[in-house]
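Asks: Following this line is coords-v8.cif, made up of mmCIF, C-alpha atoms and all ligand atoms:
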data_start
loop_
_atom_site.label_atom_id
_atom_site.label_comp_id
_atom_site.auth_asym_id
_atom_site.auth_seq_id
_atom_site.Cartn_x
_atom_site.Cartn_y
_atom_site.Cartn_z
CA MET A 74 39.24 9.79 40.94
CA THR A 75 39.84 7.13 38.27
CA THR A 76 39.35 7.87 34.58
CA THR A 77 36.31 5.54 34.49
CA THR A 78 34.66 7.37 37.43
CA ARG A 79 35.38 10.73 35.81
CA THR A 80 33.83 9.60 32.52
CA ARG A 81 30.75 8.28 34.36
CA THR A 82 30.32 11.54 36.31
CA LYS A 83 30.55 13.51 33.06
CA THR A 84 27.95 11.26 31.39
CA HIS A 85 25.60 11.65 34.40
CA ARG A 86 26.01 15.43 34.31
CA GLN A 87 25.20 15.50 30.60
CA LYS A 88 22.16 13.28 31.17
CA LEU A 89 20.97 15.54 34.00
CA GLN A 90 21.37 18.61 31.80
CA GLY A 91 19.41 16.84 29.04
CA LEU A 92 16.58 16.06 31.49
CA ARG A 93 16.57 19.67 32.76
CA ASN A 94 16.21 20.93 29.19
CA GLU A 95 13.36 18.47 28.61
CA VAL A 96 11.54 19.63 31.78
CA HIS A 97 11.96 23.24 30.62
CA VAL A 98 10.39 22.45 27.21
CA LEU A 99 7.57 20.41 28.80
CA ARG A 100 6.76 23.24 31.23
CA ARG A 101 6.53 25.67 28.31
CA GLN A 102 4.21 23.31 26.45
CA LEU A 103 2.06 22.87 29.56
CA ARG A 104 1.75 26.65 29.95
CA ALA A 105 0.66 26.92 26.31
CA ALA A 106 -1.88 24.11 26.79
CA HIS A 107 -3.33 25.88 29.85
CA ARG A 108 -3.60 29.16 27.95
CA LEU A 109 -5.48 27.48 25.12
CA ALA A 110 -7.72 25.60 27.57
CA THR A 111 -8.69 28.93 29.16
CA VAL A 112 -9.49 30.41 25.76
CA GLY A 113 -11.49 27.23 25.03
CA THR A 114 -13.56 27.81 28.17
CA MET A 115 -14.50 31.26 26.90
CA THR A 116 -15.29 30.18 23.33
CA ALA A 117 -19.06 29.83 23.65
CA MET A 118 -19.48 33.15 25.46
CA VAL A 119 -17.16 35.06 23.12
CA SER A 120 -18.64 33.53 19.94
CA HIS A 121 -22.06 34.54 21.16
CA GLU A 122 -20.89 38.13 21.65
CA LEU A 123 -19.13 38.27 18.27
CA ASN A 124 -22.32 36.97 16.71
CA ASN A 125 -24.29 39.73 18.46
CA ILE A 126 -21.90 42.29 17.02
CA LEU A 127 -21.73 40.90 13.50
CA THR A 128 -25.43 40.10 12.98
CA PRO A 129 -26.61 43.76 12.91
CA VAL A 130 -23.60 44.66 10.72
CA ALA A 131 -24.61 41.99 8.17
CA ASN A 132 -28.31 42.89 8.41
CA TYR A 133 -27.68 46.59 7.77
CA ALA A 134 -25.39 45.78 4.84
CA GLN A 135 -28.14 43.64 3.28
CA LEU A 136 -30.75 46.36 3.83
CA ALA A 137 -28.42 48.93 2.26
CA GLN A 138 -27.97 46.69 -0.80
CA LYS A 139 -31.72 46.90 -1.40
CA ASN A 140 -32.15 50.47 -0.23
CA PRO A 141 -29.08 52.66 -0.93
CA SER A 142 -30.44 55.48 1.28
CA LEU A 143 -29.43 53.29 4.25
CA SER A 144 -25.81 53.11 3.12
CA ASP A 145 -24.51 55.73 5.56
CA LYS A 146 -26.15 53.97 8.48
CA ALA A 147 -24.82 50.58 7.32
CA ILE A 148 -21.28 51.97 7.04
CA ALA A 149 -21.52 53.55 10.52
CA ARG A 150 -22.71 50.20 11.96
CA ALA A 151 -19.95 48.30 10.18
CA ALA A 152 -17.26 50.69 11.42
CA GLU A 153 -18.57 50.54 15.01
CA GLY A 154 -19.08 46.74 15.03
CA GLY A 155 -15.79 46.07 13.26
CA GLN A 156 -13.87 48.09 15.81
CA ARG A 157 -15.49 46.32 18.75
CA ALA A 158 -14.94 42.87 17.20
CA THR A 159 -11.30 43.72 16.49
CA SER A 160 -10.64 44.82 20.06
CA ILE A 161 -12.22 41.59 21.42
CA CYS A 162 -10.05 39.49 19.07
CA ARG A 163 -6.95 41.41 20.10
CA ALA A 164 -7.72 40.91 23.79
CA ILE A 165 -8.18 37.16 23.23
CA LEU A 166 -4.91 36.91 21.31
CA ASP A 167 -3.29 38.63 24.26
CA VAL A 168 -4.46 35.75 26.45
CA ALA A 169 -3.57 33.02 23.93
CA VAL A 170 -0.10 34.11 22.93
CA GLU A 171 2.79 33.67 25.33
CA GLY A 172 4.03 36.95 26.77
CA PRO A 173 7.55 37.74 27.98
CA ALA A 174 9.07 34.82 29.91
CA GLU A 175 10.58 37.11 32.53
CA SER A 176 8.78 39.14 35.20
CA VAL A 177 7.80 42.62 34.10
CA PRO A 178 6.00 45.48 35.89
CA VAL A 179 2.28 44.82 35.40
CA ASN A 180 -0.31 47.51 35.99
CA ILE A 181 -3.18 45.65 37.66
CA LEU A 182 -5.95 47.95 36.43
CA ALA A 183 -4.77 47.65 32.79
CA LEU A 184 -4.60 43.88 33.23
CA VAL A 185 -8.16 43.81 34.59
CA ASP A 186 -9.40 45.96 31.68
CA GLY A 187 -7.73 43.65 29.14
CA THR A 188 -9.17 40.58 30.86
CA LEU A 189 -12.70 41.96 30.85
CA ALA A 190 -12.30 42.87 27.17
CA ALA A 191 -11.25 39.27 26.41
CA MET A 192 -14.36 37.97 28.20
CA ALA A 193 -16.30 40.09 25.69
CA ARG A 194 -19.67 39.80 27.38
CA ASP A 195 -20.88 42.76 29.38
CA PRO A 196 -21.68 41.32 32.86
CA ALA A 197 -24.70 43.65 33.12
CA LYS A 198 -26.37 41.71 30.28
CA ASP A 199 -26.60 38.74 32.66
CA GLY A 200 -27.76 40.88 35.56
CA ILE A 201 -24.29 40.81 37.13
CA GLN A 202 -23.08 43.87 38.95
CA LEU A 203 -19.31 43.98 38.65
CA ASN A 204 -17.54 46.28 41.10
CA LEU A 205 -13.91 47.17 40.63
CA ASP A 206 -11.78 48.53 43.41
CA VAL A 207 -8.30 48.73 41.92
CA PRO A 208 -5.98 51.73 42.37
CA ALA A 209 -4.89 53.08 38.97
CA ASP A 210 -1.19 53.09 39.91
CA LEU A 211 -0.95 49.63 41.48
CA THR A 212 1.73 47.50 39.81
CA VAL A 213 3.34 44.18 40.53
CA CYS A 214 6.47 42.69 39.00
CA THR A 215 5.45 39.30 37.64
CA ARG A 216 4.70 37.18 34.55
CA ARG A 217 1.94 39.12 32.85
CA THR A 218 0.29 36.41 30.73
CA GLU A 219 0.04 33.99 33.63
CA LEU A 220 -1.39 36.53 36.05
CA GLN A 221 -3.99 37.43 33.42
CA GLN A 222 -4.95 33.77 33.08
CA VAL A 223 -5.33 33.45 36.84
CA LEU A 224 -7.61 36.47 36.87
CA LEU A 225 -9.57 35.17 33.90
CA ASN A 226 -10.13 31.77 35.53
CA LEU A 227 -11.26 33.36 38.80
CA LEU A 228 -13.64 35.69 36.95
CA LEU A 229 -15.06 32.87 34.80
CA ASN A 230 -15.66 30.79 37.93
CA ALA A 231 -17.27 33.72 39.75
CA ARG A 232 -19.46 34.33 36.71
CA SER A 233 -20.75 30.76 36.60
CA ALA A 234 -21.26 30.76 40.39
CA VAL A 235 -23.46 33.88 40.29
CA LEU A 236 -25.33 32.70 37.18
CA ALA A 237 -26.36 29.65 39.20
CA VAL A 238 -28.39 31.80 41.61
CA GLU A 239 -31.44 33.99 41.28
CA GLY A 240 -31.60 37.51 42.67
CA PRO A 241 -28.90 40.17 42.78
CA ARG A 242 -25.65 38.87 41.31
CA ARG A 243 -22.49 40.55 42.42
CA ILE A 244 -18.79 40.13 41.68
CA HIS A 245 -16.32 42.32 43.50
CA LEU A 246 -12.78 42.54 42.20
CA SER A 247 -10.31 44.40 44.35
CA ALA A 248 -6.56 44.82 44.60
CA CYS A 249 -4.31 46.56 47.07
CA ARG A 250 -0.78 46.66 48.40
CA ARG A 251 -0.36 45.17 51.87
CA GLY A 252 3.19 45.48 53.18
CA ARG A 253 5.51 43.47 50.93
CA TYR A 254 2.58 41.93 49.07
CA VAL A 255 -0.06 42.76 46.51
CA LEU A 256 -3.45 41.20 47.22
CA LEU A 257 -5.91 40.50 44.45
CA THR A 258 -9.39 39.41 45.50
CA VAL A 259 -12.32 38.10 43.48
CA ALA A 260 -15.45 37.78 45.60
CA ASP A 261 -18.90 36.72 44.46
CA ASN A 262 -22.29 36.17 46.03
CA GLY A 263 -22.93 32.99 44.05
CA SER A 264 -23.59 29.39 44.98
CA GLY A 265 -20.65 29.12 47.37
CA ILE A 266 -18.56 26.03 48.04
CA ASP A 267 -19.63 22.89 49.81
CA PRO A 268 -17.20 22.42 52.80
CA ARG A 269 -16.67 18.80 51.65
CA HIS A 270 -15.21 20.14 48.38
CA LYS A 271 -12.93 22.80 49.83
CA ASP A 272 -9.82 20.59 49.97
CA LYS A 273 -10.32 19.29 46.44
CA LEU A 274 -10.90 22.59 44.63
CA PHE A 275 -7.30 23.09 43.54
CA GLU A 276 -6.79 19.48 42.47
CA PRO A 277 -6.64 18.87 38.71
CA PHE A 278 -9.88 17.56 37.21
CA PHE A 279 -12.07 18.34 40.23
CA THR A 280 -15.25 19.89 38.89
CA THR A 281 -18.89 20.18 39.90
CA LYS A 282 -19.87 21.44 36.44
CA PRO A 283 -21.40 18.48 34.68
CA ARG A 284 -21.21 17.98 30.97
CA SER A 285 -24.52 17.81 29.12
CA GLU A 286 -25.81 17.94 25.56
CA ASN A 287 -25.90 21.75 25.53
CA ASP A 288 -23.10 22.48 27.92
CA SER A 289 -19.46 21.47 27.65
CA GLY A 290 -19.26 21.65 31.48
CA GLY A 291 -15.99 22.14 33.33
CA TYR A 292 -12.65 20.38 33.07
CA GLY A 293 -11.61 21.09 36.64
CA LEU A 294 -8.35 22.60 35.45
CA GLY A 295 -8.85 26.32 36.12
CA LEU A 296 -7.99 26.40 39.82
CA ALA A 297 -5.27 23.76 39.49
CA PHE A 298 -3.62 26.06 36.95
CA CYS A 299 -4.17 29.10 39.22
CA ARG A 300 -2.45 27.45 42.17
CA HIS A 301 0.46 26.24 40.06
CA ALA A 302 0.93 29.66 38.41
CA VAL A 303 0.57 31.70 41.61
CA GLU A 304 3.03 29.50 43.51
CA ALA A 305 5.49 29.73 40.60
CA MET A 306 5.23 33.53 40.99
CA GLY A 307 6.19 33.13 44.65
CA GLY A 308 2.64 33.75 45.86
CA LYS A 309 -0.29 31.96 47.42
CA ILE A 310 -3.95 31.51 46.53
CA THR A 311 -6.62 30.91 49.16
CA VAL A 312 -10.39 30.64 49.27
CA GLU A 313 -13.07 31.40 51.81
CA SER A 314 -16.64 30.39 51.34
CA ALA A 315 -19.89 29.33 52.92
CA PRO A 316 -22.50 27.43 50.91
CA GLY A 317 -25.14 29.74 49.52
CA ARG A 318 -23.15 32.80 50.55
CA GLY A 319 -20.64 33.07 47.75
CA ALA A 320 -16.90 32.62 47.60
CA THR A 321 -13.84 34.83 47.94
CA PHE A 322 -10.57 33.90 46.26
CA THR A 323 -7.45 35.82 47.29
CA VAL A 324 -4.16 35.84 45.42
CA ARG A 325 -1.19 37.13 47.38
CA LEU A 326 1.87 38.04 45.34
CA PRO A 327 5.23 39.46 46.37
CA ALA A 328 5.12 43.14 45.33
N1 LIG A 401 -16.44 31.20 42.69
C1 LIG A 401 -16.82 29.95 42.90
N2 LIG A 401 -17.98 29.68 43.56
C2 LIG A 401 -18.37 28.41 43.80
N3 LIG A 401 -17.67 27.31 43.42
C3 LIG A 401 -16.51 27.52 42.77
C4 LIG A 401 -16.02 28.84 42.47
N4 LIG A 401 -14.84 28.71 41.83
C5 LIG A 401 -14.61 27.39 41.71
N5 LIG A 401 -15.61 26.68 42.26
C6 LIG A 401 -15.71 25.21 42.36
O1 LIG A 401 -14.43 24.65 42.11
C7 LIG A 401 -14.50 23.71 41.04
C8 LIG A 401 -13.18 23.69 40.33
O2 LIG A 401 -12.97 24.94 39.66
P1 LIG A 401 -12.03 24.96 38.39
O3 LIG A 401 -11.97 26.35 37.89
O4 LIG A 401 -10.75 24.28 38.73
O5 LIG A 401 -12.76 23.99 37.35
P2 LIG A 401 -14.10 24.24 36.52
O6 LIG A 401 -14.49 25.68 36.60
O7 LIG A 401 -15.10 23.23 37.00
O8 LIG A 401 -13.64 23.86 35.05
P3 LIG A 401 -12.59 24.66 34.11
O9 LIG A 401 -11.48 23.71 33.86
O10 LIG A 401 -13.38 24.97 32.90
O11 LIG A 401 -12.14 25.88 34.86
C9 LIG A 401 -15.70 24.15 40.20
O12 LIG A 401 -16.23 23.09 39.45
C10 LIG A 401 -16.65 24.63 41.30
O13 LIG A 401 -17.30 23.54 41.92
MG MG A 402 -13.05 27.19 36.16
#
Could the structure of this file be written out as structure tokens, please?
Ligand SMILES: Nc1ncnc2c1ncn2[C@@H]1O[C@H](COP(=O)(O)OP(=O)(O)OP(=O)(O)O)[C@@H](O)[C@H]1O
Ligand SMILES: [Mg+2]
Replies:
Amino acid sequence: MTTTTRTRTKTHRQKLQGLRNEVHVLRRQLRAAHRLATVGTMTAMVSHELNNILTPVANYAQLAQKNPSLSDKAIARAAEGGQRATSICRAILDVAVEGPAESVPVNILALVDGTLAAMARDPAKDGIQLNLDVPADLTVCTRRTELQQVLLNLLLNARSAVLAVEGPRRIHLSACRRGRYVLLTVADNGSGIDPRHKDKLFEPFFTTKPRSENDSGGYGLGLAFCRHAVEAMGGKITVESAPGRGATFTVRLPA
């Protein structure tokens, strides 16, 4: 090899390394953008819940200012409401802030609990019956923050699908170990998926949630993120659905 060829090869290698570093940084930024987009999707619902918690706290405090005999009750309300608001904020920060970059053992039930806490709103308030079927000792070795975001996106989608229908609204979240895999399933009895849309669901920016004056609609990014994240974890995400009969999303991860 001539000196010129050697110098060129070295320059190409350095350039390649530079590009690899750039891709690494861009991927990190994309993950952060996705996390914030998910938190953005929840903003209206969570703000509403925080408002529901803080309004009685403020009202009792005002009453106690005028009538000191109500002070004890006002303090009890403030302590109770403050604690609940703090745990919601903590759960949201858990979603927003990047967790460990490497795979760690994740207890699925704890992850589900944290995700429901971040959603803040009790499903029962919207007439949604949420059933959990998750063994307490089921763990999977994976990237915690990303798996939580996947779960959050699937639950938010299931929630809007069941809110679109009248009658009994059900979401069933289950997880189990099957051979070398852990399966996580979110099933709902909501609006279901039009067969013409099935192939587009996981494409970025595909949404059937229109934007209006009172509703920020959908961005069509949730499932695109889910597919990207699940495949990066070495897994697969699939969907089964019939229009009007709900949808079932299954995430299969290597155990
Ligand atoms: N559980 C479900 N039942 C019925 N349709 C669903 C369900 N989950 C997803 N979809 C359909 O797939 C589309 C894409 O979902 P995706 O989560 O990617 O975007 P989005 O929910 O519209 O917006 P966002 O970016 O806020 O998540 C939805 O607009 C909806 O039409
Ligand atoms: Mg969505």
Asks: With distances taken over only C-alpha atoms and all ligand atoms, which of A:Glu95, A:Asp261, A:Glu304, A:Glu313 is nearest to ligand LIG 401 (chain A)?
Replies: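 Nearest to ligand LIG 401 (chain A): A:Asp261.
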Asks: Find the spatial neighbours of segment 181-190 of chain A, counting all atoms listed in the file, within a cut-off of 7 Å - ignore same-chain residues fewer than 4 positions away - and output them as a list in words.
Replies: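 Surrounding residues, per the criterion: Ile161, Ala164, Val207, Ala209, Leu211, Thr212, Gln221 and Leu225 of chain A.
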Asks: Write out as number ranges by chain each polymer residue (protein, DNA or RNA) that has an atom no more than 12 Å from ligand MG 402 (chain A), with all atoms listed in the file counted.
Replies: A: 107, 110-115, 222-234, 274-282, 290-299
Asks: Can you write just those residues out, C-alpha atoms, as a JSON list (two decimals), in the frame of the given file?
Replies:
[["chain", "number", "residue", "atom", "x", "y", "z"],
["A", 107, "HIS", "CA", -3.33, 25.88, 29.85],
["A", 110, "ALA", "CA", -7.72, 25.60, 27.57],
["A", 111, "THR", "CA", -8.69, 28.93, 29.16],
["A", 112, "VAL", "CA", -9.49, 30.41, 25.76],
["A", 113, "GLY", "CA", -11.49, 27.23, 25.03],
["A", 114, "THR", "CA", -13.56, 27.81, 28.17],
["A", 115, "MET", "CA", -14.50, 31.26, 26.90],
["A", 222, "GLN", "CA", -4.95, 33.77, 33.08],
["A", 223, "VAL", "CA", -5.33, 33.45, 36.84],
["A", 224, "LEU", "CA", -7.61, 36.47, 36.87],
["A", 225, "LEU", "CA", -9.57, 35.17, 33.90],
["A", 226, "ASN", "CA", -10.13, 31.77, 35.53],
["A", 227, "LEU", "CA", -11.26, 33.36, 38.80],
["A", 228, "LEU", "CA", -13.64, 35.69, 36.95],
["A", 229, "LEU", "CA", -15.06, 32.87, 34.80],
["A", 230, "ASN", "CA", -15.66, 30.79, 37.93],
["A", 231, "ALA", "CA", -17.27, 33.72, 39.75],
["A", 232, "ARG", "CA", -19.46, 34.33, 36.71],
["A", 233, "SER", "CA", -20.75, 30.76, 36.60],
["A", 234, "ALA", "CA", -21.26, 30.76, 40.39],
["A", 274, "LEU", "CA", -10.90, 22.59, 44.63],
["A", 275, "PHE", "CA", -7.30, 23.09, 43.54],
["A", 276, "GLU", "CA", -6.79, 19.48, 42.47],
["A", 277, "PRO", "CA", -6.64, 18.87, 38.71],
["A", 278, "PHE", "CA", -9.88, 17.56, 37.21],
["A", 279, "PHE", "CA", -12.07, 18.34, 40.23],
["A", 280, "THR", "CA", -15.25, 19.89, 38.89],
["A", 281, "THR", "CA", -18.89, 20.18, 39.90],
["A", 282, "LYS", "CA", -19.87, 21.44, 36.44],
["A", 290, "GLY", "CA", -19.26, 21.65, 31.48],
["A", 291, "GLY", "CA", -15.99, 22.14, 33.33],
["A", 292, "TYR", "CA", -12.65, 20.38, 33.07],
["A", 293, "GLY", "CA", -11.61, 21.09, 36.64],
["A", 294, "LEU", "CA", -8.35, 22.60, 35.45],
["A", 295, "GLY", "CA", -8.85, 26.32, 36.12],
["A", 296, "LEU", "CA", -7.99, 26.40, 39.82],
["A", 297, "ALA", "CA", -5.27, 23.76, 39.49],
["A", 298, "PHE", "CA", -3.62, 26.06, 36.95],
["A", 299, "CYS", "CA", -4.17, 29.10, 39.22]]
Asks: Identify, on the basis of all atoms listed in the file, every residue whose closest approach to Ala137 of chain A does not exceed 10 Å; exclude the query and any residue fewer than 6 positions from it along the same chain; express the result as a list in words.
Replies: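 Answer for this query is Ala131, Leu143, Ser144, Asp145, Lys146, Ala147 and Ile148 of chain A.
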Asks: Using Å and a single decimal, report how far atom CA of Ile266 of chain A sits from atom CA of Ala191 of chain A.
Replies: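 Atom CA of Ile266 of chain A lies 26.4 Å from atom CA of Ala191 of chain A.
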Asks: Grab the atom CA of Val168 of chain A to atom CA of Thr218 of chain A distance for me, in Å with one decimal place.
Replies: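 Straight-line distance from atom CA of Val168 of chain A to atom CA of Thr218 of chain A works out to 6.4 Å.
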Asks: Here is a test: counting only C-alpha atoms, which residue of A:Thr77, A:Ala302, A:Thr215, A:Ala237 is nearest to Val177 of chain A?
Replies: A:Thr215
Asks: With all atoms listed in the file as the atoms that count, which of A:Pro129, A:Gly200, A:Leu256, A:Leu109 lies nearest to ligand LIG 401 (chain A)?
Replies: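 The answer is A:Leu109, which sits nearest to ligand LIG 401 (chain A).
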Asks: Give as a PyMOL selection string each residue that has an atom at most 9 Å from (-16.3, 43.8, 42.5) in the file, counting only C-alpha atoms.
Replies: chain A and resi 202-206+243-247+258-261
Asks: Calculate how many Å separate atom CA of Arg157 of chain A from atom O3 of ligand LIG 401 (chain A), rounding to one decimal.
Replies: 27.9 Å
Asks: Which of these residues is nearest to ligand LIG 401 (chain A), using all atoms listed in the file: A:Thr116, A:Asn140, A:Thr84, A:Gln90?
Replies: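 Smallest separation from ligand LIG 401 (chain A) among the options: A:Thr116.
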Asks: Considering all atoms listed in the file, can you say which of A:Ala193, A:Glu171, A:Ala117, A:Ile126 comes closest to ligand LIG 401 (chain A)?
Replies: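 Smallest distance to ligand LIG 401 (chain A) is found for A:Ala117.
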Asks: Please identify all polymer residues within 12 Å of Gln156 of chain A, counting only C-alpha atoms, omitting same-chain residues fewer than 4 positions from it, and present them as a PyMOL selection string.
Replies: chain A and resi 123+126-127+130+149-152+160-163
